[in-house]
Every structure is written in C-alpha cells, then in structure tokens.
file protein.pdb (PDB, C-alpha atoms, pLDDT in the B column)
ATOM      1  CA  MET A  34      -1.473 296.523 211.063  1.00 88.00           C
ATOM      2  CA  PHE A  35      -1.730 300.259 210.576  1.00 92.00           C
ATOM      3  CA  ILE A  36       1.331 302.430 211.193  1.00 91.00           C
ATOM      4  CA  ASP A  37       2.104 306.004 210.235  1.00 91.00           C
ATOM      5  CA  LYS A  38       5.437 307.621 209.390  1.00 90.00           C
ATOM      6  CA  GLU A  39       6.348 308.366 213.000  1.00 92.00           C
ATOM      7  CA  GLN A  40       5.656 304.781 214.021  1.00 93.00           C
ATOM      8  CA  ILE A  41       7.650 303.486 211.040  1.00 92.00           C
ATOM      9  CA  ASN A  42      10.619 305.566 212.157  1.00 92.00           C
ATOM     10  CA  ARG A  43      10.411 304.062 215.653  1.00 93.00           C
ATOM     11  CA  LEU A  44      10.397 300.456 214.486  1.00 93.00           C
ATOM     12  CA  ASP A  45      13.324 298.163 215.204  1.00 94.00           C
ATOM     13  CA  ARG A  46      15.853 298.719 212.423  1.00 92.00           C
ATOM     14  CA  LYS A  47      15.868 295.139 211.104  1.00 92.00           C
ATOM     15  CA  PHE A  48      12.098 294.825 211.358  1.00 92.00           C
ATOM     16  CA  ARG A  49      11.671 298.086 209.438  1.00 92.00           C
ATOM     17  CA  LEU A  50      14.183 297.002 206.798  1.00 90.00           C
ATOM     18  CA  ASN A  51      12.355 293.720 206.193  1.00 90.00           C
ATOM     19  CA  LEU A  52       8.928 295.361 206.218  1.00 92.00           C
ATOM     20  CA  ILE A  53       9.786 298.092 203.720  1.00 90.00           C
ATOM     21  CA  ASN A  54      11.692 295.679 201.501  1.00 89.00           C
ATOM     22  CA  SER A  55       8.634 293.404 201.369  1.00 91.00           C
ATOM     23  CA  ILE A  56       5.894 296.032 200.980  1.00 91.00           C
ATOM     24  CA  THR A  57       6.412 296.452 197.220  1.00 89.00           C
ATOM     25  CA  GLY A  58       5.651 292.775 196.587  1.00 92.00           C
ATOM     26  CA  ILE A  59       7.451 290.283 194.397  1.00 93.00           C
ATOM     27  CA  LYS A  60      10.416 291.670 192.469  1.00 95.00           C
ATOM     28  CA  PRO A  61      12.601 290.048 189.803  1.00 95.00           C
ATOM     29  CA  ALA A  62      15.444 287.907 191.122  1.00 96.00           C
ATOM     30  CA  ASN A  63      18.517 288.491 188.967  1.00 97.00           C
ATOM     31  CA  LEU A  64      22.180 287.616 189.194  1.00 98.00           C
ATOM     32  CA  ILE A  65      24.476 290.391 187.976  1.00 98.00           C
ATOM     33  CA  GLY A  66      27.675 289.083 186.413  1.00 98.00           C
ATOM     34  CA  SER A  67      30.744 291.272 186.075  1.00 97.00           C
ATOM     35  CA  GLN A  68      34.504 290.946 185.843  1.00 96.00           C
ATOM     36  CA  SER A  69      37.204 292.980 187.558  1.00 95.00           C
ATOM     37  CA  SER A  70      40.127 294.581 185.777  1.00 93.00           C
ATOM     38  CA  GLU A  71      42.214 291.776 187.282  1.00 94.00           C
ATOM     39  CA  GLY A  72      40.011 289.142 185.642  1.00 94.00           C
ATOM     40  CA  VAL A  73      38.058 287.973 188.717  1.00 95.00           C
ATOM     41  CA  ALA A  74      34.494 286.988 187.798  1.00 96.00           C
ATOM     42  CA  ASN A  75      31.963 288.492 190.198  1.00 96.00           C
ATOM     43  CA  LEU A  76      28.323 287.543 190.764  1.00 97.00           C
ATOM     44  CA  ALA A  77      25.712 289.189 192.992  1.00 96.00           C
ATOM     45  CA  ILE A  78      21.967 288.894 193.393  1.00 96.00           C
ATOM     46  CA  PHE A  79      19.843 292.006 192.785  1.00 96.00           C
ATOM     47  CA  SER A  80      16.097 292.570 193.078  1.00 94.00           C
ATOM     48  CA  SER A  81      16.026 296.120 191.727  1.00 94.00           C
ATOM     49  CA  VAL A  82      16.294 295.524 187.967  1.00 97.00           C
ATOM     50  CA  VAL A  83      13.744 297.548 185.978  1.00 97.00           C
ATOM     51  CA  HIS A  84      12.909 298.217 182.323  1.00 97.00           C
ATOM     52  CA  LEU A  85      13.552 301.849 181.348  1.00 97.00           C
ATOM     53  CA  GLY A  86      12.870 301.828 177.612  1.00 96.00           C
ATOM     54  CA  SER A  87      12.857 299.697 174.475  1.00 96.00           C
ATOM     55  CA  ASP A  88      14.393 302.048 171.899  1.00 96.00           C
ATOM     56  CA  PRO A  89      17.165 302.160 172.867  1.00 96.00           C
ATOM     57  CA  ALA A  90      16.918 299.029 175.020  1.00 97.00           C
ATOM     58  CA  LEU A  91      17.711 300.424 178.460  1.00 98.00           C
ATOM     59  CA  ILE A  92      17.662 298.562 181.765  1.00 98.00           C
ATOM     60  CA  GLY A  93      18.182 300.139 185.170  1.00 98.00           C
ATOM     61  CA  MET A  94      19.106 298.779 188.581  1.00 97.00           C
ATOM     62  CA  ILE A  95      19.687 300.332 191.977  1.00 95.00           C
ATOM     63  CA  VAL A  96      23.065 299.992 193.661  1.00 94.00           C
ATOM     64  CA  ARG A  97      23.182 300.656 197.384  1.00 88.00           C
ATOM     65  CA  PRO A  98      25.646 303.115 198.962  1.00 81.00           C
ATOM     66  CA  ASP A  99      29.306 302.085 198.859  1.00 66.00           C
ATOM     67  CA  SER A 100      30.624 304.482 201.498  1.00 59.00           C
ATOM     68  CA  GLU A 101      30.884 301.782 204.178  1.00 57.00           C
ATOM     69  CA  VAL A 102      30.687 298.477 202.287  1.00 56.00           C
ATOM     70  CA  ALA A 103      32.588 297.614 199.120  1.00 62.00           C
ATOM     71  CA  ARG A 104      30.318 297.171 196.079  1.00 79.00           C
ATOM     72  CA  ASN A 105      32.384 294.921 193.841  1.00 90.00           C
ATOM     73  CA  THR A 106      29.704 294.716 191.163  1.00 94.00           C
ATOM     74  CA  PHE A 107      29.487 298.482 190.725  1.00 94.00           C
ATOM     75  CA  ASP A 108      33.279 298.838 190.878  1.00 93.00           C
ATOM     76  CA  ASN A 109      33.635 296.268 188.089  1.00 95.00           C
ATOM     77  CA  ILE A 110      30.953 297.911 185.964  1.00 96.00           C
ATOM     78  CA  LYS A 111      32.665 301.286 186.269  1.00 95.00           C
ATOM     79  CA  ALA A 112      36.060 299.761 185.518  1.00 95.00           C
ATOM     80  CA  THR A 113      35.156 297.624 182.494  1.00 96.00           C
ATOM     81  CA  GLY A 114      31.864 299.103 181.258  1.00 97.00           C
ATOM     82  CA  TYR A 115      30.103 295.751 180.825  1.00 98.00           C
ATOM     83  CA  TYR A 116      27.951 293.396 182.874  1.00 98.00           C
ATOM     84  CA  THR A 117      25.289 290.710 182.520  1.00 98.00           C
ATOM     85  CA  ILE A 118      21.835 290.206 183.989  1.00 98.00           C
ATOM     86  CA  ASN A 119      20.713 286.615 184.494  1.00 98.00           C
ATOM     87  CA  HIS A 120      17.271 285.435 185.642  1.00 98.00           C
ATOM     88  CA  VAL A 121      17.484 283.158 188.686  1.00 97.00           C
ATOM     89  CA  PRO A 122      15.896 279.770 187.879  1.00 96.00           C
ATOM     90  CA  LEU A 123      14.240 277.636 190.566  1.00 95.00           C
ATOM     91  CA  THR A 124      17.235 275.328 190.699  1.00 95.00           C
ATOM     92  CA  LEU A 125      19.617 278.123 191.698  1.00 97.00           C
ATOM     93  CA  THR A 126      17.787 280.100 194.401  1.00 97.00           C
ATOM     94  CA  ARG A 127      19.924 278.753 197.266  1.00 97.00           C
ATOM     95  CA  GLN A 128      23.282 279.400 195.599  1.00 97.00           C
ATOM     96  CA  ALA A 129      22.063 282.726 194.204  1.00 97.00           C
ATOM     97  CA  HIS A 130      20.960 283.933 197.612  1.00 97.00           C
ATOM     98  CA  TYR A 131      24.385 283.445 199.145  1.00 97.00           C
ATOM     99  CA  THR A 132      26.111 285.560 196.512  1.00 96.00           C
ATOM    100  CA  SER A 133      24.870 288.462 198.642  1.00 93.00           C
ATOM    101  CA  ALA A 134      27.493 287.661 201.279  1.00 93.00           C
ATOM    102  CA  LYS A 135      30.304 290.210 201.499  1.00 90.00           C
ATOM    103  CA  PHE A 136      33.015 288.244 199.706  1.00 92.00           C
ATOM    104  CA  PRO A 137      36.418 289.912 199.183  1.00 92.00           C
ATOM    105  CA  ALA A 138      37.028 291.288 195.701  1.00 90.00           C
ATOM    106  CA  ASP A 139      39.513 288.506 194.895  1.00 93.00           C
ATOM    107  CA  ILE A 140      36.976 285.726 195.592  1.00 94.00           C
ATOM    108  CA  SER A 141      34.660 284.723 192.744  1.00 96.00           C
ATOM    109  CA  GLU A 142      31.084 284.047 193.807  1.00 97.00           C
ATOM    110  CA  PHE A 143      30.775 281.772 190.789  1.00 97.00           C
ATOM    111  CA  ASP A 144      33.355 279.480 192.373  1.00 96.00           C
ATOM    112  CA  ARG A 145      32.414 279.894 196.027  1.00 97.00           C
ATOM    113  CA  CYS A 146      28.672 279.391 195.445  1.00 97.00           C
ATOM    114  CA  ALA A 147      29.095 276.609 192.853  1.00 97.00           C
ATOM    115  CA  ILE A 148      27.447 278.486 189.971  1.00 98.00           C
ATOM    116  CA  ASP A 149      28.711 277.696 186.482  1.00 98.00           C
ATOM    117  CA  LYS A 150      29.721 280.650 184.327  1.00 97.00           C
ATOM    118  CA  GLU A 151      30.018 281.014 180.589  1.00 97.00           C
ATOM    119  CA  TYR A 152      31.200 283.624 178.107  1.00 97.00           C
ATOM    120  CA  ILE A 153      29.067 284.194 175.015  1.00 97.00           C
ATOM    121  CA  LYS A 154      30.289 285.463 171.633  1.00 95.00           C
ATOM    122  CA  GLY A 155      33.210 287.381 173.081  1.00 95.00           C
ATOM    123  CA  PHE A 156      31.133 289.452 175.482  1.00 97.00           C
ATOM    124  CA  PRO A 157      33.554 290.698 178.189  1.00 96.00           C
ATOM    125  CA  ALA A 158      31.421 289.841 181.243  1.00 98.00           C
ATOM    126  CA  PRO A 159      30.412 286.372 182.476  1.00 98.00           C
ATOM    127  CA  PHE A 160      26.923 284.891 182.199  1.00 98.00           C
ATOM    128  CA  VAL A 161      25.248 282.303 184.442  1.00 98.00           C
ATOM    129  CA  LYS A 162      25.304 279.102 182.409  1.00 98.00           C
ATOM    130  CA  ASP A 163      22.127 277.610 183.943  1.00 97.00           C
ATOM    131  CA  SER A 164      20.037 280.764 183.591  1.00 97.00           C
ATOM    132  CA  TYR A 165      17.460 280.436 180.807  1.00 97.00           C
ATOM    133  CA  ILE A 166      17.072 284.182 180.239  1.00 98.00           C
ATOM    134  CA  LYS A 167      20.176 286.374 180.265  1.00 98.00           C
ATOM    135  CA  PHE A 168      21.449 289.494 178.582  1.00 98.00           C
ATOM    136  CA  GLY A 169      24.631 291.493 178.329  1.00 98.00           C
ATOM    137  CA  LEU A 170      24.743 295.243 178.832  1.00 98.00           C
ATOM    138  CA  LYS A 171      27.044 298.184 178.275  1.00 98.00           C
ATOM    139  CA  HIS A 172      27.062 300.751 181.056  1.00 98.00           C
ATOM    140  CA  VAL A 173      25.798 304.068 179.688  1.00 98.00           C
ATOM    141  CA  GLN A 174      24.932 306.210 182.704  1.00 97.00           C
ATOM    142  CA  SER A 175      24.921 306.305 186.513  1.00 97.00           C
ATOM    143  CA  ILE A 176      22.585 308.681 188.331  1.00 97.00           C
ATOM    144  CA  PRO A 177      23.239 309.342 192.034  1.00 95.00           C
ATOM    145  CA  ILE A 178      20.121 309.501 194.206  1.00 95.00           C
ATOM    146  CA  GLU A 179      20.941 312.048 196.877  1.00 94.00           C
ATOM    147  CA  LEU A 180      17.999 311.158 199.132  1.00 93.00           C
ATOM    148  CA  ASN A 181      19.601 307.920 200.324  1.00 91.00           C
ATOM    149  CA  GLY A 182      22.986 307.639 198.641  1.00 92.00           C
ATOM    150  CA  THR A 183      21.986 304.920 196.194  1.00 93.00           C
ATOM    151  CA  THR A 184      22.771 304.989 192.470  1.00 95.00           C
ATOM    152  CA  LEU A 185      20.624 304.193 189.449  1.00 97.00           C
ATOM    153  CA  VAL A 186      22.884 302.270 187.073  1.00 97.00           C
ATOM    154  CA  ILE A 187      21.668 302.259 183.461  1.00 98.00           C
ATOM    155  CA  GLY A 188      22.837 299.830 180.805  1.00 98.00           C
ATOM    156  CA  GLU A 189      21.994 299.320 177.146  1.00 98.00           C
ATOM    157  CA  ILE A 190      21.364 295.744 176.060  1.00 98.00           C
ATOM    158  CA  GLN A 191      24.022 294.436 173.680  1.00 98.00           C
ATOM    159  CA  LEU A 192      22.869 290.820 173.364  1.00 97.00           C
ATOM    160  CA  MET A 193      20.111 288.576 174.710  1.00 97.00           C
ATOM    161  CA  VAL A 194      19.726 284.833 175.202  1.00 97.00           C
ATOM    162  CA  VAL A 195      16.140 283.538 175.474  1.00 97.00           C
ATOM    163  CA  PRO A 196      14.843 280.022 174.618  1.00 96.00           C
ATOM    164  CA  ASP A 197      12.923 279.959 171.347  1.00 96.00           C
ATOM    165  CA  TYR A 198      10.070 278.021 172.949  1.00 96.00           C
ATOM    166  CA  ALA A 199       9.505 280.798 175.492  1.00 95.00           C
ATOM    167  CA  VAL A 200       8.921 283.639 173.001  1.00 95.00           C
ATOM    168  CA  ASN A 201       5.541 283.937 171.267  1.00 93.00           C
ATOM    169  CA  GLU A 202       4.741 285.534 167.904  1.00 92.00           C
ATOM    170  CA  MET A 203       4.208 288.924 169.580  1.00 91.00           C
ATOM    171  CA  GLY A 204       7.574 288.890 171.351  1.00 94.00           C
ATOM    172  CA  TYR A 205       6.237 288.182 174.835  1.00 93.00           C
ATOM    173  CA  ILE A 206       8.389 285.913 177.006  1.00 95.00           C
ATOM    174  CA  ASP A 207       6.790 283.084 179.009  1.00 94.00           C
ATOM    175  CA  LEU A 208       8.632 283.452 182.327  1.00 95.00           C
ATOM    176  CA  GLN A 209       6.997 280.375 183.822  1.00 94.00           C
ATOM    177  CA  ALA A 210       8.400 278.226 181.018  1.00 94.00           C
ATOM    178  CA  CYS A 211      11.878 279.498 181.931  1.00 95.00           C
ATOM    179  CA  ASP A 212      11.593 278.715 185.670  1.00 94.00           C
ATOM    180  CA  THR A 213      12.153 282.385 186.479  1.00 95.00           C
ATOM    181  CA  THR A 214      11.782 283.176 190.179  1.00 96.00           C
ATOM    182  CA  GLY A 215      10.844 286.287 192.104  1.00 96.00           C
ATOM    183  CA  VAL A 216      11.968 287.610 195.478  1.00 95.00           C
ATOM    184  CA  ALA A 217      10.144 289.459 198.247  1.00 93.00           C
ATOM    185  CA  GLY A 218      12.141 291.313 200.840  1.00 89.00           C
ATOM    186  CA  LEU A 219      15.713 290.095 201.049  1.00 86.00           C
ATOM    187  CA  ASN A 220      15.356 286.347 201.373  1.00 90.00           C
ATOM    188  CA  GLN A 221      11.935 285.017 200.326  1.00 94.00           C
ATOM    189  CA  TYR A 222      11.824 283.382 196.895  1.00 95.00           C
ATOM    190  CA  TYR A 223       8.696 282.690 194.876  1.00 95.00           C
ATOM    191  CA  CYS A 224       7.734 280.641 191.839  1.00 94.00           C
ATOM    192  CA  LEU A 225       6.065 282.540 189.004  1.00 89.00           C
ATOM    193  CA  ARG A 226       2.850 281.213 187.492  1.00 90.00           C
ATOM    194  CA  LYS A 227       1.109 282.724 184.502  1.00 88.00           C
ATOM    195  CA  GLU A 228      -2.577 283.211 185.287  1.00 90.00           C
ATOM    196  CA  ALA A 229      -3.918 285.235 182.355  1.00 90.00           C
ATOM    197  CA  GLU A 230      -3.076 287.248 179.265  1.00 87.00           C
ATOM    198  CA  TYR A 231      -5.056 290.234 177.974  1.00 88.00           C
ATOM    199  CA  SER A 232      -4.929 292.333 174.840  1.00 86.00           C
ATOM    200  CA  TYR A 233      -3.528 295.872 174.804  1.00 88.00           C
ATOM    201  CA  ALA A 234      -5.900 298.096 176.785  1.00 93.00           C
ATOM    202  CA  ARG A 235      -7.645 300.424 174.326  1.00 95.00           C
ATOM    203  CA  LEU A 236     -10.251 302.776 175.738  1.00 94.00           C
ATOM    204  CA  GLU A 237     -12.964 301.664 173.338  1.00 92.00           C
ATOM    205  CA  GLU A 238     -12.359 298.038 174.225  1.00 91.00           C
ATOM    206  CA  VAL A 239     -12.584 298.287 178.006  1.00 94.00           C
ATOM    207  CA  PRO A 240     -15.271 295.750 179.073  1.00 92.00           C
ATOM    208  CA  GLU A 241     -18.093 296.310 181.550  1.00 93.00           C
ATOM    209  CA  PHE A 242     -17.082 294.948 184.946  1.00 93.00           C
TER     210      PHE A 242
END
call {"tool": "encode", "arguments": {"input": "protein.pdb", "output": "structure tokens"}}
result
Amino acid sequence: MFIDKEQINRLDRKFRLNLINSITGIKPANLIGSQSSEGVANLAIFSSVVHLGSDPALIGMIVRPDSEVARNTFDNIKATGYYTINHVPLTLTRQAHYTSAKFPADISEFDRCAIDKEYIKGFPAPFVKDSYIKFGLKHVQSIPIELNGTTLVIGEIQLMVVPDYAVNEMGYIDLQACDTTGVAGLNQYYCLRKEAEYSYARLEEVPEF
C-alpha cells in the first residue's frame, strides 16, 4: 500500500481512523482512574500516555475533544485535580476495553465492567486493584492543541506502586514480569516480551555493525 495525503483524505472515515490509529505501532494500554465531585469513581482506557520528564516527574496524555461527547475523565480531573494511571494486565484487557463505552457520568465503569478498585494511602482518586504498575498524579497543566481540538493533560506523579521483583538495581522496570499489555489502533491488544537490553548509547562505545 502506498497512499499520499490526497488519497488519505478520500479514504472511508472509519478505515482512515483505524489506519492512522494503528500506524504509530504499539502504544501503552492504561486505565485512567478518577472520581467526580459527587463521589462517582470513573475509569477509562487511554493509549496516549507519555513520559514528559523525570525531574519533576511529569506524565502527559491526550484527551480528545469534548465539544460533542462528554469526557467524564477530563471533567473529573479538572474538578478534583487528581487521577491515577494503571497499566492494563493481560487478565483485564476485555473489561478494560469496554470502559471506552460512553457511560453516563453517574455510572461507574469499575462497577459496570467488573474491575475492582482500591484507594491507597488516602490518595483521592481510585486505583485498579489488579494492576501491577500504577501511579497517582496531580493535575498541573492542560495545553489545548488547536489543530484538532484535543488537549494535552499533564500530571505530576505523587505516588507509585510497582512490584519489588520488577525493578532492577538501575531502576528499570520489567514490564513483561508485570503482564503489561500494549494496544494498536483502538481495539487490538498485544503481549509485551522483553527481547534485549543495551547499555546507555555513548558515542565512543557504538559498535561496528
């Protein structure tokens, strides 16, 4: 397949959506936990979570436009200032996927999709109990992206939960050991398998290939 911009623009809308969503490859599958001002626990799957910096510990994610469809997660984050990010383990891909349905704000996806929640050390947003890697964030900035109406939501990590056995002496996390999954497009889920590990790439140490 070879298609240029004009041909892309002429594609069937759903075909184009799936194609462009898949072209970037496997992305992290995360469940975003939040709580409304009324106390309703919300959960939604996101594949746009990205590391922005380590000092301070900043994580970003893209929220789609809310002009036509309610975005309960973003509304809750703006209202309370806190949310959680939870890796989706292999055992939860089916339930996690269906949190993307457009549930009313008064319906908890935790309950409807049979996902257990937990609160950790007084943090004001719910975590996914069966997620091995999870962290709580405080909302620090939202940056509108005028090109398509999306928003970059930035949070600073307040606490992290990671199994001791999955963290090596250098601080690297073994994602395979935590059953972390990835997602391509909007509905294809993948297992992660560690294939190799290399040292920091210093110019004088680059091998001959």
call {"tool": "closest_atom_pairs", "arguments": {"input": "protein.pdb", "of": "range 133-162 of chain A", "to": "range 50-73 of chain A", "cutoff": "9 Å", "atoms": "all atoms listed in the file", "output": "CSV"}}
result
residue,atom,partner,partner_atom,distance
A:Ala138,CA,A:Val73,CA,7.8
A:Asp139,CA,A:Val73,CA,6.4
A:Ile140,CA,A:Val73,CA,7.3
A:Ser141,CA,A:Val73,CA,6.2
A:Lys150,CA,A:Gly66,CA,8.9
A:Pro157,CA,A:Gln68,CA,7.7
A:Ala158,CA,A:Ser67,CA,5.1
A:Pro159,CA,A:Gly66,CA,5.5
A:Phe160,CA,A:Gly66,CA,6.0
A:Val161,CA,A:Gly66,CA,7.5
call {"tool": "resolve_selection", "arguments": {"input": "protein.pdb", "expression": "the PyMOL selection byres ((chain A and resi 146) around 9)", "output": "list in words"}}
result
Arg127, Gln128, Ala129, Tyr131, Thr132, Ser141, Glu142, Phe143, Asp144, Arg145, Ala147 and Ile148 of chain A
call {"tool": "write_last_selection", "arguments": {"input": "protein.pdb", "atoms": "C-alpha atoms", "output": "CSV table (one decimal), in the frame of the given file"}}
result
chain,number,residue,atom,x,y,z
A,127,ARG,CA,19.9,278.8,197.3
A,128,GLN,CA,23.3,279.4,195.6
A,129,ALA,CA,22.1,282.7,194.2
A,131,TYR,CA,24.4,283.4,199.1
A,132,THR,CA,26.1,285.6,196.5
A,141,SER,CA,34.7,284.7,192.7
A,142,GLU,CA,31.1,284.0,193.8
A,143,PHE,CA,30.8,281.8,190.8
A,144,ASP,CA,33.4,279.5,192.4
A,145,ARG,CA,32.4,279.9,196.0
A,147,ALA,CA,29.1,276.6,192.9
A,148,ILE,CA,27.4,278.5,190.0
call {"tool": "residues_near_point", "arguments": {"input": "protein.pdb", "point": "(19.5, 281.4, 184.7)", "cutoff": "8 Å", "atoms": "only C-alpha atoms", "output": "list of chain:residue names"}}
result
A:Asn119, A:His120, A:Val121, A:Pro122, A:Leu125, A:Val161, A:Lys162, A:Asp163, A:Ser164, A:Tyr165, A:Ile166, A:Lys167, A:Thr213
call {"tool": "closest_residue", "arguments": {"input": "protein.pdb", "among": "A:Ile190, A:Leu236, A:Val96, A:Val82", "to": "Asp108 in chain A", "atoms": "all atoms listed in the file"}}
result
A:Val96
call {"tool": "atom_distance", "arguments": {"input": "protein.pdb", "atom1": "CA of Ile176 in chain A", "atom2": "CA of Ile110 in chain A"}}
result
13.8 Å
call {"tool": "closest_residue", "arguments": {"input": "protein.pdb", "among": "A:Arg226, A:Pro89, A:Pro240, A:Thr113", "to": "Thr214 in chain A", "atoms": "only C-alpha atoms"}}
result
A:Arg226
call {"tool": "resolve_selection", "arguments": {"input": "protein.pdb", "expression": "the PyMOL selection byres ((chain A and resi 209) around 9)", "output": "PyMOL selection string"}}
result
chain A and resi 199+206-208+210-214+224-227
call {"tool": "residues_around", "arguments": {"input": "protein.pdb", "residues": "Lys171 in chain A", "least_positions_apart": "6", "cutoff": "8 Å", "atoms": "all atoms listed in the file", "output": "ChimeraX atom specification"}}
result
/A:114-116,188-191
call {"tool": "axis_aligned_box", "arguments": {"input": "protein.pdb", "around": "range 150-165 of chain A", "padding_each_side": "4 Å", "output": "JSON"}}
result
{"center_x": 25.5, "center_y": 284.2, "center_z": 178.0, "size_x": 24.1, "size_y": 21.1, "size_z": 20.8}
call {"tool": "atom_distance", "arguments": {"input": "protein.pdb", "atom1": "CA of Val173 in chain A", "atom2": "CA of Ala90 in chain A"}}
result
11.2 Å
call {"tool": "closest_residue", "arguments": {"input": "protein.pdb", "among": "A:Thr117, A:Arg104, A:Ser133, A:Tyr223", "to": "Phe79 in chain A", "atoms": "all atoms listed in the file"}}
result
A:Ser133
call {"tool": "atom_distance", "arguments": {"input": "protein.pdb", "atom1": "CA of Leu185 in chain A", "atom2": "CA of Lys135 in chain A"}}
result
20.8 Å
call {"tool": "resolve_selection", "arguments": {"input": "protein.pdb", "expression": "the PyMOL selection byres ((chain A and resi 184) around 9)", "output": "tab-separated table (two decimals) with C-alpha atoms, in the frame of the given file"}}
result
chain	number	residue	atom	x	y	z
A	94	MET	CA	19.11	298.78	188.58
A	95	ILE	CA	19.69	300.33	191.98
A	96	VAL	CA	23.06	299.99	193.66
A	97	ARG	CA	23.18	300.66	197.38
A	98	PRO	CA	25.65	303.12	198.96
A	175	SER	CA	24.92	306.30	186.51
A	176	ILE	CA	22.58	308.68	188.33
A	177	PRO	CA	23.24	309.34	192.03
A	178	ILE	CA	20.12	309.50	194.21
A	179	GLU	CA	20.94	312.05	196.88
A	181	ASN	CA	19.60	307.92	200.32
A	182	GLY	CA	22.99	307.64	198.64
A	183	THR	CA	21.99	304.92	196.19
A	185	LEU	CA	20.62	304.19	189.45
A	186	VAL	CA	22.88	302.27	187.07
call {"tool": "decode", "arguments": {"input": "protein.pdb", "residues": "range 78-120 of chain A", "atoms": "C-alpha atoms", "output": "PDB file, in the first residue's frame"}}
result
ATOM      1  CA  ILE A  78      -8.850   3.277  28.825  1.00  0.00           C
ATOM      2  CA  PHE A  79      -6.248   5.540  27.188  1.00  0.00           C
ATOM      3  CA  SER A  80      -3.425   4.757  24.768  1.00  0.00           C
ATOM      4  CA  SER A  81      -1.875   8.225  24.681  1.00  0.00           C
ATOM      5  CA  VAL A  82       0.083   8.282  27.956  1.00  0.00           C
ATOM      6  CA  VAL A  83       3.642   9.578  27.512  1.00  0.00           C
ATOM      7  CA  HIS A  84       6.630  10.425  29.717  1.00  0.00           C
ATOM      8  CA  LEU A  85       7.416  14.159  29.693  1.00  0.00           C
ATOM      9  CA  GLY A  86      10.203  14.426  32.259  1.00  0.00           C
ATOM     10  CA  SER A  87      11.708  12.874  35.374  1.00  0.00           C
ATOM     11  CA  ASP A  88      12.530  15.939  37.484  1.00  0.00           C
ATOM     12  CA  PRO A  89       9.823  16.847  38.181  1.00  0.00           C
ATOM     13  CA  ALA A  90       8.114  13.550  37.339  1.00  0.00           C
ATOM     14  CA  LEU A  91       5.682  14.640  34.636  1.00  0.00           C
ATOM     15  CA  ILE A  92       3.363  12.432  32.601  1.00  0.00           C
ATOM     16  CA  GLY A  93       1.198  13.603  29.721  1.00  0.00           C
ATOM     17  CA  MET A  94      -1.841  12.177  27.972  1.00  0.00           C
ATOM     18  CA  ILE A  95      -4.052  13.349  25.139  1.00  0.00           C
ATOM     19  CA  VAL A  96      -7.747  13.942  25.742  1.00  0.00           C
ATOM     20  CA  ARG A  97      -9.967  14.083  22.681  1.00  0.00           C
ATOM     21  CA  PRO A  98     -12.358  16.986  22.003  1.00  0.00           C
ATOM     22  CA  ASP A  99     -15.318  17.280  24.373  1.00  0.00           C
ATOM     23  CA  SER A 100     -17.479  19.591  22.266  1.00  0.00           C
ATOM     24  CA  GLU A 101     -19.818  16.794  21.150  1.00  0.00           C
ATOM     25  CA  VAL A 102     -19.149  13.914  23.556  1.00  0.00           C
ATOM     26  CA  ALA A 103     -18.863  14.192  27.328  1.00  0.00           C
ATOM     27  CA  ARG A 104     -15.351  13.433  28.628  1.00  0.00           C
ATOM     28  CA  ASN A 105     -16.019  12.349  32.194  1.00  0.00           C
ATOM     29  CA  THR A 106     -12.365  11.622  32.914  1.00  0.00           C
ATOM     30  CA  PHE A 107     -11.215  15.115  31.965  1.00  0.00           C
ATOM     31  CA  ASP A 108     -14.169  16.708  33.774  1.00  0.00           C
ATOM     32  CA  ASN A 109     -13.243  14.822  36.951  1.00  0.00           C
ATOM     33  CA  ILE A 110      -9.571  15.739  36.661  1.00  0.00           C
ATOM     34  CA  LYS A 111     -10.435  19.418  36.290  1.00  0.00           C
ATOM     35  CA  ALA A 112     -12.893  19.250  39.180  1.00  0.00           C
ATOM     36  CA  THR A 113     -10.769  17.375  41.728  1.00  0.00           C
ATOM     37  CA  GLY A 114      -7.196  17.809  40.465  1.00  0.00           C
ATOM     38  CA  TYR A 115      -6.212  14.154  40.904  1.00  0.00           C
ATOM     39  CA  TYR A 116      -6.240  10.950  38.877  1.00  0.00           C
ATOM     40  CA  THR A 117      -4.481   7.598  38.561  1.00  0.00           C
ATOM     41  CA  ILE A 118      -2.799   5.757  35.710  1.00  0.00           C
ATOM     42  CA  ASN A 119      -2.922   1.965  35.832  1.00  0.00           C
ATOM     43  CA  HIS A 120      -1.184  -0.456  33.450  1.00  0.00           C
TER      44      HIS A 120
END
